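Source file: protein-v2.csv. Holds: CSV, C-alpha atoms.
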```csv
chain,number,residue,atom,x,y,z
A,631,MET,CA,34.8,-55.7,-107.4
A,632,LYS,CA,31.4,-54.0,-106.7
A,633,LYS,CA,30.9,-56.3,-103.7
A,634,LEU,CA,34.4,-55.5,-102.4
A,635,ILE,CA,33.8,-51.8,-102.6
A,636,LEU,CA,30.4,-52.0,-100.8
A,637,SER,CA,31.9,-54.2,-98.0
A,638,THR,CA,34.8,-51.7,-97.5
A,639,VAL,CA,32.4,-48.8,-97.2
A,640,ALA,CA,30.2,-50.6,-94.7
A,641,PHE,CA,33.1,-51.6,-92.5
A,642,CYS,CA,34.4,-48.0,-92.4
A,643,ALA,CA,30.9,-46.7,-91.5
A,644,LEU,CA,30.7,-49.2,-88.7
A,645,GLY,CA,34.1,-48.2,-87.3
A,646,ALA,CA,33.1,-44.5,-87.3
A,647,MET,CA,29.9,-45.2,-85.4
A,648,SER,CA,31.5,-47.4,-82.7
A,649,PRO,CA,32.7,-44.5,-80.4
A,650,ALA,CA,29.2,-42.9,-80.5
A,651,LEU,CA,27.6,-46.3,-79.7
A,652,GLY,CA,30.1,-46.9,-76.9
A,653,ALA,CA,29.3,-43.6,-75.2
A,654,ASP,CA,25.7,-44.7,-74.8
A,655,LEU,CA,26.5,-48.1,-73.2
A,656,PRO,CA,26.4,-48.3,-69.4
A,657,ILE,CA,29.7,-48.5,-67.5
A,658,TYR,CA,29.9,-51.2,-65.0
A,659,GLY,CA,32.3,-51.0,-62.0
A,660,LYS,CA,32.7,-50.8,-58.2
A,661,ALA,CA,30.9,-47.8,-56.6
A,662,PRO,CA,33.1,-45.7,-54.3
A,663,PRO,CA,32.6,-46.5,-50.6
A,664,LEU,CA,30.2,-44.2,-48.7
A,665,ALA,CA,31.6,-42.2,-45.8
A,666,ALA,CA,30.9,-44.0,-42.5
A,667,PRO,CA,29.0,-41.9,-39.8
A,668,ALA,CA,30.8,-41.2,-36.5
A,669,TYR,CA,29.2,-40.4,-33.2
A,670,ASP,CA,29.2,-36.7,-32.1
A,671,TRP,CA,29.7,-36.2,-28.4
A,672,SER,CA,28.8,-32.6,-28.4
A,673,GLY,CA,25.8,-31.5,-26.4
A,674,PHE,CA,24.1,-31.0,-23.1
A,675,TYR,CA,23.5,-34.0,-20.9
A,676,VAL,CA,22.1,-35.1,-17.5
A,677,GLY,CA,22.6,-38.4,-15.7
A,678,VAL,CA,22.7,-40.5,-12.5
A,679,PHE,CA,25.5,-42.6,-11.0
A,680,GLY,CA,26.2,-44.9,-8.1
A,681,GLY,CA,29.1,-46.8,-6.6
A,682,TRP,CA,31.5,-47.4,-3.7
A,683,GLY,CA,34.1,-45.3,-1.9
A,684,LEU,CA,37.1,-45.7,0.3
A,685,GLY,CA,38.2,-43.0,2.6
A,686,ASN,CA,41.6,-42.4,4.2
A,687,HIS,CA,41.9,-40.3,7.4
A,688,ASN,CA,45.0,-39.1,9.2
A,689,VAL,CA,44.6,-38.0,12.8
A,690,ASN,CA,47.1,-35.7,14.4
A,691,ASN,CA,47.0,-34.5,18.0
A,692,ALA,CA,49.3,-33.2,20.7
A,693,THR,CA,51.1,-36.5,21.2
A,694,GLY,CA,52.7,-36.0,17.7
A,695,PRO,CA,53.3,-38.4,14.9
A,696,ALA,CA,53.7,-42.2,15.5
A,697,GLY,CA,57.1,-43.4,14.6
A,698,PHE,CA,58.1,-42.3,11.1
A,699,ALA,CA,54.6,-41.6,10.0
A,700,ASN,CA,53.2,-38.1,9.5
A,701,PHE,CA,50.1,-38.8,11.6
A,702,THR,CA,49.3,-39.9,15.1
A,703,ALA,CA,46.7,-42.5,13.9
A,704,ASN,CA,45.2,-43.6,10.6
A,705,TYR,CA,41.9,-45.2,9.7
A,706,GLU,CA,39.8,-46.0,6.7
A,707,SER,CA,36.1,-45.6,5.9
A,708,THR,CA,34.0,-47.4,3.3
A,709,GLY,CA,30.5,-47.3,1.9
A,710,GLY,CA,28.2,-46.6,-0.9
A,711,LEU,CA,27.2,-43.3,-2.6
A,712,GLY,CA,24.8,-42.2,-5.4
A,713,GLY,CA,23.8,-39.0,-7.1
A,714,GLY,CA,23.2,-37.0,-10.2
A,715,GLU,CA,25.1,-34.8,-12.7
A,716,VAL,CA,24.7,-32.3,-15.4
A,717,GLY,CA,27.2,-31.2,-18.1
A,718,TYR,CA,28.0,-30.0,-21.6
A,719,GLN,CA,30.7,-31.2,-24.1
A,720,TRP,CA,32.2,-29.9,-27.3
A,721,GLN,CA,33.8,-32.1,-29.9
A,722,SER,CA,36.4,-31.1,-32.6
A,723,GLY,CA,37.8,-34.0,-34.6
A,724,SER,CA,38.6,-36.7,-32.0
A,725,ILE,CA,39.1,-34.3,-29.1
A,726,VAL,CA,36.2,-33.8,-26.6
A,727,VAL,CA,36.2,-31.1,-23.9
A,728,GLY,CA,33.5,-30.1,-21.5
A,729,VAL,CA,32.4,-29.1,-18.0
A,730,GLU,CA,30.4,-31.2,-15.5
A,731,ALA,CA,28.9,-30.6,-12.0
A,732,ASP,CA,27.5,-33.3,-9.7
A,733,GLY,CA,26.0,-33.8,-6.3
A,734,PHE,CA,25.8,-37.0,-4.2
A,735,GLY,CA,24.6,-38.6,-1.0
A,736,SER,CA,27.0,-40.9,0.8
A,737,ASN,CA,27.2,-43.5,3.6
A,738,ILE,CA,31.1,-43.8,3.6
A,739,LYS,CA,32.1,-44.2,7.2
A,740,GLY,CA,34.6,-45.8,9.5
A,741,GLY,CA,36.8,-45.3,12.7
A,742,ASP,CA,40.1,-46.1,14.2
A,743,ASN,CA,38.8,-48.6,16.8
A,744,PHE,CA,40.2,-46.8,19.9
A,745,ALA,CA,43.8,-46.7,18.5
A,746,LEU,CA,44.6,-43.7,20.8
A,747,GLY,CA,42.5,-44.8,23.7
A,748,TRP,CA,39.5,-43.2,22.3
A,749,ASP,CA,37.7,-43.8,19.0
A,750,ASP,CA,37.8,-41.3,16.1
A,751,ALA,CA,35.2,-42.0,13.4
A,752,THR,CA,34.2,-40.0,10.3
A,753,LYS,CA,31.2,-40.2,7.9
A,754,LEU,CA,30.9,-38.5,4.6
A,755,GLY,CA,27.2,-37.5,4.4
A,756,TRP,CA,27.0,-35.6,1.1
A,757,GLY,CA,29.2,-33.9,-1.4
A,758,GLY,CA,29.7,-32.7,-5.0
A,759,THR,CA,32.2,-31.6,-7.6
A,760,LEU,CA,32.6,-29.0,-10.4
A,761,ARG,CA,35.1,-30.2,-13.0
A,762,ALA,CA,36.6,-29.7,-16.4
A,763,ARG,CA,36.7,-32.8,-18.7
A,764,GLY,CA,38.9,-33.7,-21.7
A,765,GLY,CA,39.2,-36.8,-23.7
A,766,ILE,CA,39.7,-38.7,-27.0
A,767,ALA,CA,36.7,-40.1,-28.9
A,768,VAL,CA,36.9,-43.2,-31.2
A,769,ASP,CA,33.4,-43.1,-32.7
A,770,ARG,CA,31.1,-44.2,-29.8
A,771,LEU,CA,33.9,-44.8,-27.3
A,772,LEU,CA,35.3,-42.0,-25.2
A,773,LEU,CA,38.3,-42.1,-22.9
A,774,PHE,CA,38.4,-39.1,-20.6
A,775,PHE,CA,40.2,-37.3,-17.8
A,776,THR,CA,38.7,-34.9,-15.3
A,777,GLY,CA,39.7,-32.5,-12.6
A,778,GLY,CA,38.4,-29.6,-10.6
A,779,TRP,CA,36.9,-28.6,-7.2
A,780,ALA,CA,35.3,-30.9,-4.6
A,781,TYR,CA,33.3,-30.3,-1.5
A,782,GLY,CA,31.6,-32.4,1.2
A,783,GLU,CA,30.1,-32.5,4.7
A,784,LEU,CA,31.9,-34.6,7.2
A,785,THR,CA,30.5,-35.8,10.5
A,786,HIS,CA,33.2,-36.6,13.1
A,787,THR,CA,32.6,-38.5,16.3
A,788,ASN,CA,35.2,-38.8,19.1
A,789,THR,CA,34.3,-41.4,21.8
A,790,ASN,CA,36.3,-41.1,25.0
A,791,PRO,CA,35.5,-43.9,27.4
A,792,GLY,CA,34.3,-42.6,30.7
A,793,PHE,CA,34.1,-39.0,29.4
A,794,GLY,CA,31.5,-39.2,26.7
A,795,VAL,CA,31.1,-38.5,23.0
A,796,ASP,CA,32.0,-35.4,21.1
A,797,THR,CA,30.3,-35.0,17.7
A,798,PHE,CA,30.5,-32.2,15.1
A,799,LYS,CA,30.0,-31.5,11.4
A,800,ALA,CA,32.5,-29.8,9.1
A,801,THR,CA,32.0,-28.8,5.5
A,802,ARG,CA,35.3,-28.9,3.6
A,803,SER,CA,36.5,-28.4,0.0
A,804,GLY,CA,39.5,-29.3,-2.1
A,805,LEU,CA,40.6,-31.2,-5.2
A,806,ALA,CA,38.8,-33.6,-7.5
A,807,ALA,CA,40.6,-35.6,-10.2
A,808,GLY,CA,40.1,-38.8,-12.1
A,809,GLY,CA,39.1,-40.4,-15.4
A,810,GLY,CA,37.0,-43.1,-17.0
A,811,ILE,CA,35.5,-44.6,-20.1
A,812,ALA,CA,32.1,-43.8,-21.7
A,813,TYR,CA,30.2,-45.6,-24.5
A,814,ALA,CA,27.2,-44.2,-26.4
A,815,ILE,CA,24.7,-47.1,-26.3
A,816,THR,CA,22.3,-45.1,-28.5
A,817,ASP,CA,22.5,-41.6,-29.9
A,818,ASN,CA,21.1,-40.3,-26.6
A,819,LEU,CA,21.9,-42.9,-23.9
A,820,ILE,CA,25.5,-43.1,-22.6
A,821,GLY,CA,26.9,-45.5,-20.1
A,822,LYS,CA,30.2,-44.9,-18.2
A,823,PHE,CA,32.6,-46.2,-15.7
A,824,GLU,CA,34.6,-43.7,-13.7
A,825,TYR,CA,37.3,-43.4,-10.9
A,826,ARG,CA,37.5,-40.2,-8.9
A,827,TYR,CA,39.9,-39.0,-6.2
A,828,LEU,CA,38.6,-36.4,-3.7
A,829,ASP,CA,40.7,-34.5,-1.3
A,830,LEU,CA,38.4,-32.8,1.2
A,831,GLY,CA,41.2,-31.1,3.2
A,832,THR,CA,41.7,-31.1,7.0
A,833,PHE,CA,39.3,-30.1,9.8
A,834,HIS,CA,40.3,-29.0,13.3
A,835,ARG,CA,38.8,-29.8,16.7
A,836,ASP,CA,40.5,-27.4,19.1
A,837,ALA,CA,38.4,-28.0,22.2
A,838,PRO,CA,36.7,-31.4,22.3
A,839,THR,CA,33.8,-31.5,24.8
A,840,ASN,CA,34.7,-34.9,26.2
A,841,GLY,CA,38.3,-34.3,27.5
A,842,ALA,CA,40.1,-35.7,24.4
A,843,LEU,CA,43.2,-33.9,23.2
A,844,PRO,CA,42.8,-31.3,20.5
A,845,TYR,CA,43.3,-32.9,17.0
A,846,THR,CA,43.1,-32.5,13.3
A,847,VAL,CA,41.9,-35.0,10.7
A,848,ALA,CA,42.9,-35.0,7.0
A,849,ASN,CA,40.4,-36.7,4.7
A,850,THR,CA,40.8,-38.2,1.2
A,851,TYR,CA,38.6,-40.5,-0.8
A,852,SER,CA,38.8,-42.9,-3.8
A,853,VAL,CA,35.4,-43.4,-5.5
A,854,VAL,CA,34.4,-45.8,-8.2
A,855,THR,CA,31.1,-45.4,-10.0
A,856,LEU,CA,28.9,-46.6,-12.8
A,857,GLY,CA,26.7,-44.0,-14.5
A,858,LEU,CA,24.0,-43.5,-17.2
A,859,ASP,CA,23.7,-40.1,-19.0
A,860,PHE,CA,21.0,-38.8,-21.4
A,861,LYS,CA,22.4,-36.5,-24.1
A,862,PHE,CA,19.8,-34.1,-25.5
A,863,GLY,CA,19.4,-33.7,-29.3
A,864,GLY,CA,20.0,-36.3,-32.0
A,865,ASN,CA,23.5,-37.3,-33.1
A,866,ALA,CA,25.0,-35.0,-35.7
A,867,VAL,CA,26.8,-37.2,-38.2
A,868,VAL,CA,30.4,-36.5,-38.7
A,869,ALA,CA,32.0,-37.8,-41.9
A,870,LYS,CA,34.7,-40.4,-41.4
A,871,TYR,CA,36.9,-41.3,-44.4
```
Would you mind writing the structure in this file as structure tokens?
Amino acid sequence: MKKLILSTVAFCALGAMSPALGADLPIYGKAPPLAAPAYDWSGFYVGVFGGWGLGNHNVNNATGPAGFANFTANYESTGGLGGGEVGYQWQSGSIVVGVEADGFGSNIKGGDNFALGWDDATKLGWGGTLRARGGIAVDRLLLFFTGGWAYGELTHTNTNPGFGVDTFKATRSGLAAGGGIAYAITDNLIGKFEYRYLDLGTFHRDAPTNGALPYTVANTYSVVTLGLDFKFGGNAVVAKY
């Protein structure tokens, strides 16, 4: 009987101590996942770019449009271009907005090969744009659209056989619009591919010096470039759950 009583007391004491002992034991389990860092596109940047352009030029003179077209003659120009840019972007969530300005030198040129009896040829020597930008970021990838103001210097040459050459320069401005894709290679180095449409308006030649008829030329360009930007400041980590 004595042994039975002692065993019962010991068992009860052990049961009372079990919760306290359990509280001191380590709890093993899966740790909660850490928040993954996402790239922040905000900041000031500078960069360089280069590529290729295609110009489209509509000539109109006193003979009027040809057939059902809205021009007397049409010709294209092609060539390379390269330049630099500067900009600033702000990011809120996945939305990125900003402003960018650029300038470039160009060798985009071409003519109509005497389609009207004389040759009209245009070369885009230099230009630039000032644009707003907006896009959607997925971590280090940015899809963006852009639009604003464009300007450029055009050199036009009219060659009239037997009468000579008439050459002049015209600086014109108009619309810039386009879009592209950018990727943050490192926290500071960003590569991008971009398409841009430039409408540099129409210039007039009211009194050519070589006997050609007065004419106007409307000028638009499609430009494709590759660029590399340097963003100042380290990447601010944005929590992504």
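Proximity to Ala837 of chain A was assessed for A:Asp796, A:Glu783, A:Asp750, A:Glu715 counting only C-alpha atoms; the smallest distance is recorded for A:Asp796.
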Atom pair atom CA of Thr776 of chain A + atom CA of Thr759 of chain A, distance 10.6 Å
So, with all atoms listed in the file as the atoms that count, which of A:Ile725, A:Leu858, A:Ala731, A:Val716 lies closest to Thr816 of chain A?
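Checking each candidate against Thr816 of chain A, we get A:Leu858 as the closest.
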Can you list, as a PDB file with C-alpha atoms, in the frame of the given file, every protein, DNA or RNA residue that comes within 12 Å of Asp836 of chain A when you count only C-alpha atoms, leaving out same-chain residues fewer than 6 positions away?
```pdb
ATOM      1  CA  ASN A 690      47.100 -35.700  14.400  1.00  0.00           C
ATOM      2  CA  ASN A 691      47.000 -34.500  18.000  1.00  0.00           C
ATOM      3  CA  ALA A 692      49.300 -33.200  20.700  1.00  0.00           C
ATOM      4  CA  ASP A 796      32.000 -35.400  21.100  1.00  0.00           C
ATOM      5  CA  PHE A 798      30.500 -32.200  15.100  1.00  0.00           C
ATOM      6  CA  ALA A 842      40.100 -35.700  24.400  1.00  0.00           C
ATOM      7  CA  LEU A 843      43.200 -33.900  23.200  1.00  0.00           C
ATOM      8  CA  PRO A 844      42.800 -31.300  20.500  1.00  0.00           C
ATOM      9  CA  TYR A 845      43.300 -32.900  17.000  1.00  0.00           C
ATOM     10  CA  THR A 846      43.100 -32.500  13.300  1.00  0.00           C
ATOM     11  CA  VAL A 847      41.900 -35.000  10.700  1.00  0.00           C
TER      12      VAL A 847
END
```
When you count only C-alpha atoms, which of these residues is closest to Ala814 of chain A: A:Asn686, A:Asp742, A:Leu772, A:Thr787?
A:Leu772
Excluding same-chain residues fewer than 3 positions from Gln719 of chain A, what lies within 9 Å of it counting all atoms listed in the file, as a PyMOL selection string?
chain A and resi 671-675+726-730+763-764
Atom completion result for segment 814-825 of chain A (all heavy atoms) as a PDB file, in the coordinates of the input:
```
ATOM      1  N   ALA A 814      28.544 -44.663 -26.013  1.00  0.00           N
ATOM      2  CA  ALA A 814      27.200 -44.200 -26.400  1.00  0.00           C
ATOM      3  C   ALA A 814      26.423 -45.481 -26.863  1.00  0.00           C
ATOM      4  O   ALA A 814      26.621 -46.029 -27.952  1.00  0.00           O
ATOM      5  CB  ALA A 814      27.319 -43.252 -27.592  1.00  0.00           C
ATOM      6  N   ILE A 815      25.517 -45.928 -25.994  1.00  0.00           N
ATOM      7  CA  ILE A 815      24.700 -47.100 -26.300  1.00  0.00           C
ATOM      8  C   ILE A 815      23.725 -46.821 -27.408  1.00  0.00           C
ATOM      9  O   ILE A 815      23.524 -47.652 -28.295  1.00  0.00           O
ATOM     10  CB  ILE A 815      23.942 -47.522 -24.990  1.00  0.00           C
ATOM     11  CG1 ILE A 815      24.936 -47.761 -23.839  1.00  0.00           C
ATOM     12  CG2 ILE A 815      23.094 -48.760 -25.239  1.00  0.00           C
ATOM     13  CD1 ILE A 815      24.295 -47.876 -22.483  1.00  0.00           C
ATOM     14  N   THR A 816      23.100 -45.649 -27.365  1.00  0.00           N
ATOM     15  CA  THR A 816      22.300 -45.100 -28.500  1.00  0.00           C
ATOM     16  C   THR A 816      22.751 -43.704 -28.729  1.00  0.00           C
ATOM     17  O   THR A 816      23.684 -43.223 -28.097  1.00  0.00           O
ATOM     18  CB  THR A 816      20.786 -45.146 -28.108  1.00  0.00           C
ATOM     19  OG1 THR A 816      20.534 -44.139 -27.100  1.00  0.00           O
ATOM     20  CG2 THR A 816      20.348 -46.503 -27.563  1.00  0.00           C
ATOM     21  N   ASP A 817      22.079 -42.998 -29.634  1.00  0.00           N
ATOM     22  CA  ASP A 817      22.500 -41.600 -29.900  1.00  0.00           C
ATOM     23  C   ASP A 817      22.278 -40.725 -28.686  1.00  0.00           C
ATOM     24  O   ASP A 817      22.914 -39.672 -28.574  1.00  0.00           O
ATOM     25  CB  ASP A 817      21.649 -41.057 -31.081  1.00  0.00           C
ATOM     26  CG  ASP A 817      22.119 -41.629 -32.404  1.00  0.00           C
ATOM     27  OD1 ASP A 817      23.177 -42.293 -32.423  1.00  0.00           O
ATOM     28  OD2 ASP A 817      21.426 -41.409 -33.424  1.00  0.00           O
ATOM     29  N   ASN A 818      21.387 -41.116 -27.755  1.00  0.00           N
ATOM     30  CA  ASN A 818      21.100 -40.300 -26.600  1.00  0.00           C
ATOM     31  C   ASN A 818      21.509 -40.884 -25.261  1.00  0.00           C
ATOM     32  O   ASN A 818      21.678 -40.158 -24.283  1.00  0.00           O
ATOM     33  CB  ASN A 818      19.601 -39.953 -26.545  1.00  0.00           C
ATOM     34  CG  ASN A 818      19.122 -39.230 -27.773  1.00  0.00           C
ATOM     35  OD1 ASN A 818      18.487 -39.808 -28.651  1.00  0.00           O
ATOM     36  ND2 ASN A 818      19.435 -37.954 -27.883  1.00  0.00           N
ATOM     37  N   LEU A 819      21.648 -42.199 -25.196  1.00  0.00           N
ATOM     38  CA  LEU A 819      21.900 -42.900 -23.900  1.00  0.00           C
ATOM     39  C   LEU A 819      23.390 -43.288 -23.855  1.00  0.00           C
ATOM     40  O   LEU A 819      23.882 -43.997 -24.723  1.00  0.00           O
ATOM     41  CB  LEU A 819      21.016 -44.097 -23.797  1.00  0.00           C
ATOM     42  CG  LEU A 819      20.846 -44.678 -22.395  1.00  0.00           C
ATOM     43  CD1 LEU A 819      20.221 -43.651 -21.458  1.00  0.00           C
ATOM     44  CD2 LEU A 819      19.975 -45.937 -22.469  1.00  0.00           C
ATOM     45  N   ILE A 820      24.077 -42.837 -22.786  1.00  0.00           N
ATOM     46  CA  ILE A 820      25.500 -43.100 -22.600  1.00  0.00           C
ATOM     47  C   ILE A 820      25.796 -43.735 -21.293  1.00  0.00           C
ATOM     48  O   ILE A 820      25.376 -43.252 -20.240  1.00  0.00           O
ATOM     49  CB  ILE A 820      26.292 -41.725 -22.703  1.00  0.00           C
ATOM     50  CG1 ILE A 820      26.048 -41.037 -24.046  1.00  0.00           C
ATOM     51  CG2 ILE A 820      27.779 -41.946 -22.471  1.00  0.00           C
ATOM     52  CD1 ILE A 820      26.563 -39.621 -24.110  1.00  0.00           C
ATOM     53  N   GLY A 821      26.495 -44.843 -21.324  1.00  0.00           N
ATOM     54  CA  GLY A 821      26.900 -45.500 -20.100  1.00  0.00           C
ATOM     55  C   GLY A 821      28.386 -45.215 -19.830  1.00  0.00           C
ATOM     56  O   GLY A 821      29.168 -44.977 -20.748  1.00  0.00           O
ATOM     57  N   LYS A 822      28.767 -45.226 -18.536  1.00  0.00           N
ATOM     58  CA  LYS A 822      30.200 -44.900 -18.200  1.00  0.00           C
ATOM     59  C   LYS A 822      30.630 -45.562 -16.924  1.00  0.00           C
ATOM     60  O   LYS A 822      29.823 -45.879 -16.040  1.00  0.00           O
ATOM     61  CB  LYS A 822      30.391 -43.412 -18.162  1.00  0.00           C
ATOM     62  CG  LYS A 822      29.714 -42.717 -16.999  1.00  0.00           C
ATOM     63  CD  LYS A 822      30.021 -41.224 -17.023  1.00  0.00           C
ATOM     64  CE  LYS A 822      29.360 -40.510 -15.855  1.00  0.00           C
ATOM     65  NZ  LYS A 822      29.658 -39.062 -15.868  1.00  0.00           N
ATOM     66  N   PHE A 823      31.945 -45.764 -16.853  1.00  0.00           N
ATOM     67  CA  PHE A 823      32.600 -46.200 -15.700  1.00  0.00           C
ATOM     68  C   PHE A 823      33.678 -45.180 -15.315  1.00  0.00           C
ATOM     69  O   PHE A 823      34.420 -44.731 -16.188  1.00  0.00           O
ATOM     70  CB  PHE A 823      33.300 -47.582 -15.920  1.00  0.00           C
ATOM     71  CG  PHE A 823      34.214 -48.023 -14.810  1.00  0.00           C
ATOM     72  CD1 PHE A 823      33.704 -48.633 -13.682  1.00  0.00           C
ATOM     73  CD2 PHE A 823      35.583 -47.820 -14.898  1.00  0.00           C
ATOM     74  CE1 PHE A 823      34.552 -49.036 -12.653  1.00  0.00           C
ATOM     75  CE2 PHE A 823      36.434 -48.218 -13.881  1.00  0.00           C
ATOM     76  CZ  PHE A 823      35.907 -48.829 -12.752  1.00  0.00           C
ATOM     77  N   GLU A 824      33.742 -44.794 -14.024  1.00  0.00           N
ATOM     78  CA  GLU A 824      34.600 -43.700 -13.700  1.00  0.00           C
ATOM     79  C   GLU A 824      35.285 -43.892 -12.307  1.00  0.00           C
ATOM     80  O   GLU A 824      34.671 -44.421 -11.367  1.00  0.00           O
ATOM     81  CB  GLU A 824      33.814 -42.382 -13.647  1.00  0.00           C
ATOM     82  CG  GLU A 824      34.623 -41.127 -13.418  1.00  0.00           C
ATOM     83  CD  GLU A 824      33.812 -39.855 -13.661  1.00  0.00           C
ATOM     84  OE1 GLU A 824      32.626 -39.966 -14.009  1.00  0.00           O
ATOM     85  OE2 GLU A 824      34.380 -38.761 -13.505  1.00  0.00           O
ATOM     86  N   TYR A 825      36.553 -43.468 -12.224  1.00  0.00           N
ATOM     87  CA  TYR A 825      37.300 -43.400 -10.900  1.00  0.00           C
ATOM     88  C   TYR A 825      37.498 -41.928 -10.615  1.00  0.00           C
ATOM     89  O   TYR A 825      37.848 -41.126 -11.496  1.00  0.00           O
ATOM     90  CB  TYR A 825      38.623 -44.100 -11.018  1.00  0.00           C
ATOM     91  CG  TYR A 825      39.516 -43.729  -9.849  1.00  0.00           C
ATOM     92  CD1 TYR A 825      39.336 -44.330  -8.604  1.00  0.00           C
ATOM     93  CD2 TYR A 825      40.496 -42.750  -9.972  1.00  0.00           C
ATOM     94  CE1 TYR A 825      40.131 -43.977  -7.519  1.00  0.00           C
ATOM     95  CE2 TYR A 825      41.298 -42.393  -8.896  1.00  0.00           C
ATOM     96  CZ  TYR A 825      41.112 -43.004  -7.672  1.00  0.00           C
ATOM     97  OH  TYR A 825      41.878 -42.641  -6.597  1.00  0.00           O
TER      98      TYR A 825
END
```
